[in-house]
$ cat my_file.tsv   # TSV, C-alpha atoms
chain	number	residue	atom	x	y	z
B	18	ASP	CA	18.26	-16.65	26.12
B	19	ASP	CA	19.66	-14.01	28.50
B	20	PRO	CA	17.21	-11.07	28.54
B	21	ALA	CA	19.87	-8.37	29.01
B	22	THR	CA	21.85	-9.65	26.03
B	23	LEU	CA	18.76	-10.07	23.87
B	24	ALA	CA	17.49	-6.59	24.77
B	25	LEU	CA	20.83	-5.15	23.72
B	26	ILE	CA	20.75	-7.02	20.40
B	27	TYR	CA	17.13	-6.11	19.68
B	28	GLY	CA	17.83	-2.49	20.60
B	29	PHE	CA	20.74	-2.33	18.15
B	30	LEU	CA	18.57	-3.87	15.43
B	31	ALA	CA	15.72	-1.44	16.11
B	32	GLY	CA	18.13	1.49	16.22
B	33	GLY	CA	20.02	0.51	13.10
B	34	HIS	CA	16.81	0.28	11.11
B	35	GLN	CA	15.56	3.53	12.61
B	36	HIS	CA	18.68	5.39	11.50
B	37	LEU	CA	18.18	4.01	7.99
B	38	LEU	CA	14.60	5.39	8.14
B	39	ARG	CA	13.22	1.86	7.96
B	40	TYR	CA	10.65	2.55	10.64
B	41	ASP	CA	8.47	-0.50	10.02
B	42	GLU	CA	11.46	-2.83	10.47
B	43	SER	CA	12.59	-0.84	13.52
B	44	ASP	CA	9.10	-1.18	14.99
B	45	ARG	CA	9.24	-4.93	14.38
B	46	TRP	CA	12.46	-5.27	16.41
B	47	ALA	CA	11.08	-2.97	19.10
B	48	ARG	CA	8.08	-5.28	19.45
B	49	VAL	CA	10.32	-8.35	19.56
B	50	SER	CA	12.16	-6.72	22.47
B	51	MET	CA	8.89	-5.92	24.22
B	52	LYS	CA	7.51	-9.45	23.80
B	53	MET	CA	10.71	-10.97	25.12
B	54	GLY	CA	10.67	-8.52	28.03
B	55	GLU	CA	7.11	-9.51	28.88
B	56	ARG	CA	7.92	-13.21	28.62
B	57	LYS	CA	11.05	-12.88	30.77
B	58	LYS	CA	9.56	-10.23	33.11
B	59	TYR	CA	12.37	-7.88	32.12
B	60	PRO	CA	10.96	-4.32	32.05
B	61	ALA	CA	14.15	-2.80	30.60
B	62	ALA	CA	13.50	-4.65	27.31
B	63	ILE	CA	9.90	-3.46	27.30
B	64	ALA	CA	11.00	0.12	27.94
B	65	LEU	CA	13.59	-0.04	25.16
B	66	GLY	CA	10.96	-1.26	22.73
B	67	TYR	CA	8.67	1.60	23.64
B	68	GLU	CA	11.56	4.03	23.22
B	69	PHE	CA	12.01	3.04	19.59
B	70	LEU	CA	8.28	2.98	18.92
B	71	SER	CA	7.90	6.49	20.37
B	72	GLU	CA	10.81	7.86	18.36
B	73	ASN	CA	9.55	6.23	15.16
B	74	GLU	CA	6.00	7.47	15.72
B	75	THR	CA	7.30	10.96	16.34
B	76	ALA	CA	9.42	10.83	13.18
B	77	ARG	CA	6.28	9.86	11.26
B	78	GLY	CA	4.35	12.80	12.75
B	79	GLN	CA	2.11	10.51	14.81
B	80	TRP	CA	2.28	12.89	17.77
B	81	ASP	CA	-0.32	11.33	20.08
B	82	ARG	CA	1.02	7.82	19.55
B	83	GLY	CA	4.56	9.11	20.13
B	84	ILE	CA	3.51	10.68	23.42
B	85	GLU	CA	1.68	7.51	24.49
B	86	SER	CA	4.63	5.23	23.68
B	87	ALA	CA	7.05	7.63	25.39
B	88	ALA	CA	4.90	7.47	28.53
B	89	ARG	CA	5.03	3.66	28.41
B	90	ASN	CA	8.83	3.86	28.01
B	91	ARG	CA	9.01	6.13	31.06
B	92	ASP	CA	6.76	3.82	33.11
B	93	GLU	CA	8.60	0.62	32.19
B	94	GLY	CA	11.94	2.38	32.67
B	95	GLY	CA	10.83	3.34	36.16
B	96	LYS	CA	9.92	-0.28	36.89
B	97	ALA	CA	13.39	-1.29	35.71
B	98	GLY	CA	14.98	1.40	37.89
B	99	SER	CA	16.52	3.05	34.82
B	100	LEU	CA	16.82	6.83	34.94
B	101	ALA	CA	18.26	6.63	31.42
B	102	ARG	CA	15.00	5.15	30.09
B	103	VAL	CA	13.07	7.84	31.94
B	104	ALA	CA	15.30	10.56	30.48
B	105	TRP	CA	15.12	9.18	26.94
B	106	SER	CA	11.32	9.23	27.07
B	107	GLY	CA	11.53	13.03	27.24
B	108	LEU	CA	12.89	13.49	23.71
B	109	PRO	CA	9.95	12.09	21.71
B	110	THR	CA	7.58	13.61	24.25
B	111	ALA	CA	9.04	17.08	23.69
B	112	GLN	CA	9.21	16.57	19.91
B	113	SER	CA	5.61	15.34	19.72
B	114	LEU	CA	4.26	18.12	21.90
B	115	HIS	CA	6.19	20.60	19.74
B	116	GLY	CA	4.70	19.01	16.63
B	117	LYS	CA	1.22	19.42	18.10
B	118	GLY	CA	1.94	23.09	18.84
B	119	GLU	CA	1.78	22.57	22.61
B	120	LEU	CA	4.89	24.67	23.12
B	121	ALA	CA	4.72	25.29	26.89
B	122	ALA	CA	4.33	21.57	27.59
B	123	ALA	CA	7.04	20.76	25.02
B	124	ARG	CA	9.42	23.18	26.71
B	125	THR	CA	8.78	21.65	30.12
B	126	ALA	CA	9.31	18.13	28.78
B	127	ALA	CA	12.53	19.09	26.99
B	128	GLU	CA	14.01	20.99	29.93
B	129	GLU	CA	13.12	18.30	32.48
B	130	ALA	CA	14.62	15.56	30.30
B	131	LEU	CA	17.68	17.72	29.61
B	132	GLU	CA	18.22	18.33	33.33
B	133	LEU	CA	17.92	14.61	34.07
B	134	SER	CA	20.20	13.63	31.19
B	135	GLU	CA	22.86	16.07	32.39
B	136	ARG	CA	22.49	14.84	35.97
B	137	ILE	CA	23.01	11.18	35.04
B	138	GLY	CA	25.65	11.80	32.37
B	139	GLU	CA	23.54	10.88	29.31
B	140	GLU	CA	25.58	13.12	27.00
B	141	ARG	CA	24.25	11.63	23.77
B	142	LEU	CA	20.69	12.41	24.83
B	143	ALA	CA	21.67	15.89	26.02
B	144	THR	CA	23.15	16.48	22.55
B	145	TRP	CA	19.68	15.91	21.08
B	146	LEU	CA	17.71	17.69	23.80
B	147	GLY	CA	19.73	20.91	23.92
B	148	PRO	CA	18.89	22.00	20.38
B	149	MET	CA	15.29	20.87	20.87
B	150	ALA	CA	14.97	23.05	23.97
B	151	ALA	CA	16.49	25.97	22.03
B	152	ILE	CA	14.09	25.51	19.11
B	153	ILE	CA	11.06	25.34	21.39
B	154	ALA	CA	12.13	28.46	23.33
B	155	ALA	CA	12.70	30.31	20.05
B	156	ASP	CA	9.29	29.20	18.75
B	157	ILE	CA	7.71	30.59	21.91
B	158	GLY	CA	9.52	33.86	21.20
B	159	ASP	CA	11.91	33.55	24.14
B	160	ASP	CA	15.23	34.27	22.44
B	161	ASP	CA	16.87	34.94	25.82
B	162	GLY	CA	15.83	31.44	26.93
B	163	ALA	CA	16.85	29.83	23.64
B	164	ALA	CA	20.38	31.24	23.58
B	165	PRO	CA	21.77	29.39	26.64
B	166	HIS	CA	20.39	26.07	25.36
B	167	ALA	CA	21.86	26.67	21.91
B	168	ASP	CA	25.22	27.76	23.35
B	169	ARG	CA	25.48	24.71	25.62
B	170	ALA	CA	24.43	22.42	22.78
B	171	TRP	CA	27.07	23.92	20.50
B	172	ARG	CA	29.78	23.51	23.14
B	173	ARG	CA	28.68	19.92	23.76
B	174	ALA	CA	28.72	19.12	20.04
B	175	ARG	CA	32.14	20.67	19.55
B	176	SER	CA	33.62	18.77	22.49
B	177	ALA	CA	32.27	15.48	21.10
B	178	ARG	CA	34.01	15.95	17.74
B	179	PRO	CA	36.89	13.60	17.13
B	180	SER	CA	40.25	15.35	17.13
B	181	THR	CA	42.28	15.29	13.94

$ encode --input "my_file.tsv" --output "structure tokens"
Amino acid sequence: DDPATLALIYGFLAGGHQHLLRYDESDRWARVSMKMGERKKYPAAIALGYEFLSENETARGQWDRGIESAARNRDEGGKAGSLARVAWSGLPTAQSLHGKGELAAARTAAEEALELSERIGEERLATWLGPMAAIIAADIGDDDGAAPHADRAWRRARSARPST
């Protein structure tokens, strides 16, 4: 009944279902994590649950719900003292704002989360955020701003490839 262990397990279950596009099942495990976190007063589990909800809502095109859940992830992550949770909240925020056509706000969210992810060494998140920042800049019509994000993202992706 250790909350850190359970949060890890529930996070893997939510993530595994998410990557199989089984969003309802992913949401179920996210909520299990959140309920356990509330019961155990463990905000990291609550934040993790909101992370998966926000990503799933964004993937479904539920932009406002994605933004709301991402904000809850950020808030609970702050309570847990987790800069990683705060950084991860930026991805669905940027994606949802982009989906809503709020490009300036999406760009700010993507670039702030990218800066934080690079500062704390969250390379996996930076791999997602770099292309997002490039896409948003390109959609705004700022090709000069898009190019550095795309170049960095390409270098990051190439360096992460397994060697053969």

$ residues_near_point --input "my_file.tsv" --point "(12.1, 20.4, 28.8)" --cutoff "9 Å" --atoms "only C-alpha atoms" --output "list in words"
Gly107, Leu108, Ala111, Ala122, Ala123, Arg124, Thr125, Ala126, Ala127, Glu128, Glu129, Ala130, Leu131, Glu132, Leu146, Met149, Ala150 and Ile153 of chain B

$ residues_near_point --input "my_file.tsv" --point "(26.7, 12.5, 25.6)" --cutoff "12 Å" --atoms "all atoms listed in the file" --output "MDAnalysis selection string"
chainID B and resid 101 131 134:147 170 172:178

$ write_last_selection --input "my_file.tsv" --atoms "C-alpha atoms" --output "short mmCIF file (atom, residue, chain, number, x, y, z; two decimals), keeping the file's coordinate frame"
data_model
loop_
_atom_site.label_atom_id
_atom_site.label_comp_id
_atom_site.auth_asym_id
_atom_site.auth_seq_id
_atom_site.Cartn_x
_atom_site.Cartn_y
_atom_site.Cartn_z
CA ALA B 101 18.26 6.63 31.42
CA LEU B 131 17.68 17.72 29.61
CA SER B 134 20.20 13.63 31.19
CA GLU B 135 22.86 16.07 32.39
CA ARG B 136 22.49 14.84 35.97
CA ILE B 137 23.01 11.18 35.04
CA GLY B 138 25.65 11.80 32.37
CA GLU B 139 23.54 10.88 29.31
CA GLU B 140 25.58 13.12 27.00
CA ARG B 141 24.25 11.63 23.77
CA LEU B 142 20.69 12.41 24.83
CA ALA B 143 21.67 15.89 26.02
CA THR B 144 23.15 16.48 22.55
CA TRP B 145 19.68 15.91 21.08
CA LEU B 146 17.71 17.69 23.80
CA GLY B 147 19.73 20.91 23.92
CA ALA B 170 24.43 22.42 22.78
CA ARG B 172 29.78 23.51 23.14
CA ARG B 173 28.68 19.92 23.76
CA ALA B 174 28.72 19.12 20.04
CA ARG B 175 32.14 20.67 19.55
CA SER B 176 33.62 18.77 22.49
CA ALA B 177 32.27 15.48 21.10
CA ARG B 178 34.01 15.95 17.74
#

$ closest_residue --input "my_file.tsv" --among "B:Ala167, B:Ala154, B:Val103, B:Leu37" --to "Ala64 of chain B" --atoms "only C-alpha atoms"
B:Val103

$ closest_residue --input "my_file.tsv" --among "B:Arg56, B:Arg89, B:Arg48, B:Arg77" --to "Arg102 of chain B" --atoms "all atoms listed in the file"
B:Arg89

$ closest_residue --input "my_file.tsv" --among "B:Asp168, B:Asp92, B:Glu72, B:Asp19" --to "Ala47 of chain B" --atoms "only C-alpha atoms"
B:Glu72

$ atom_distance --input "my_file.tsv" --atom1 "atom CA of Trp46 of chain B" --atom2 "atom CA of Ile26 of chain B"
9.4 Å

$ atom_distance --input "my_file.tsv" --atom1 "atom CA of Gly83 of chain B" --atom2 "atom CA of Asp161 of chain B"
29.2 Å

$ decode --input "my_file.tsv" --residues "segment 74-149 of chain B" --atoms "C-alpha atoms" --output "short mmCIF file (atom, residue, chain, number, x, y, z; two decimals), in the first residue's frame"
data_model
loop_
_atom_site.label_atom_id
_atom_site.label_comp_id
_atom_site.auth_asym_id
_atom_site.auth_seq_id
_atom_site.Cartn_x
_atom_site.Cartn_y
_atom_site.Cartn_z
CA GLU B 74 -8.55 14.82 -23.41
CA THR B 75 -6.21 16.63 -25.75
CA ALA B 76 -5.91 13.56 -27.97
CA ARG B 77 -9.71 13.46 -28.14
CA GLY B 78 -9.85 17.14 -29.13
CA GLN B 79 -11.42 18.15 -25.82
CA TRP B 80 -9.27 21.28 -25.67
CA ASP B 81 -10.82 23.08 -22.69
CA ARG B 82 -10.90 19.93 -20.57
CA GLY B 83 -7.29 19.21 -21.57
CA ILE B 84 -6.23 22.68 -20.46
CA GLU B 85 -8.15 22.35 -17.18
CA SER B 86 -6.66 18.94 -16.35
CA ALA B 87 -3.17 20.16 -17.30
CA ALA B 88 -3.58 23.07 -14.87
CA ARG B 89 -4.57 20.61 -12.13
CA ASN B 90 -1.49 18.51 -12.98
CA ARG B 91 0.68 21.62 -12.70
CA ASP B 92 -0.90 22.62 -9.36
CA GLU B 93 -0.64 19.16 -7.80
CA GLY B 94 2.88 18.77 -9.18
CA GLY B 95 3.81 22.03 -7.48
CA LYS B 96 2.39 20.74 -4.19
CA ALA B 97 4.50 17.61 -4.62
CA GLY B 98 7.58 19.72 -5.38
CA SER B 99 7.92 18.07 -8.80
CA LEU B 100 9.26 20.28 -11.57
CA ALA B 101 8.81 17.30 -13.90
CA ARG B 102 5.03 17.31 -13.29
CA VAL B 103 4.99 21.07 -13.86
CA ALA B 104 6.94 20.68 -17.11
CA TRP B 105 4.79 17.81 -18.37
CA SER B 106 1.65 19.91 -17.89
CA GLY B 107 2.94 22.20 -20.64
CA LEU B 108 2.59 19.65 -23.45
CA PRO B 109 -1.19 19.15 -23.38
CA THR B 110 -1.61 22.83 -22.57
CA ALA B 111 0.31 23.84 -25.70
CA GLN B 112 -1.41 21.17 -27.81
CA SER B 113 -4.88 22.19 -26.61
CA LEU B 114 -4.26 25.89 -27.10
CA HIS B 115 -2.94 25.10 -30.58
CA GLY B 116 -6.07 23.04 -31.27
CA LYS B 117 -8.22 25.99 -30.21
CA GLY B 118 -6.27 28.29 -32.54
CA GLU B 119 -4.81 30.32 -29.67
CA LEU B 120 -1.38 30.28 -31.26
CA ALA B 121 0.39 32.99 -29.23
CA ALA B 122 -0.64 31.36 -25.95
CA ALA B 123 0.24 27.91 -27.34
CA ARG B 124 3.69 29.15 -28.31
CA THR B 125 4.30 30.59 -24.87
CA ALA B 126 3.17 27.38 -23.18
CA ALA B 127 5.33 25.21 -25.44
CA GLU B 128 8.45 27.35 -25.10
CA GLU B 129 8.14 27.71 -21.32
CA ALA B 130 7.65 23.95 -20.87
CA LEU B 131 10.51 23.25 -23.29
CA GLU B 132 12.84 25.57 -21.38
CA LEU B 133 11.92 23.91 -18.08
CA SER B 134 12.25 20.40 -19.50
CA GLU B 135 15.72 21.20 -20.84
CA ARG B 136 16.72 22.80 -17.53
CA ILE B 137 15.72 19.75 -15.47
CA GLY B 138 16.89 17.15 -17.99
CA GLU B 139 13.46 15.86 -19.07
CA GLU B 140 14.73 14.77 -22.48
CA ARG B 141 11.71 12.63 -23.34
CA LEU B 142 9.41 15.59 -22.82
CA ALA B 143 11.73 17.91 -24.75
CA THR B 144 11.55 15.42 -27.63
CA TRP B 145 7.78 16.00 -27.76
CA LEU B 146 7.85 19.74 -27.09
CA GLY B 147 10.50 20.71 -29.64
CA PRO B 148 8.45 19.69 -32.68
CA MET B 149 5.33 21.18 -31.09
#
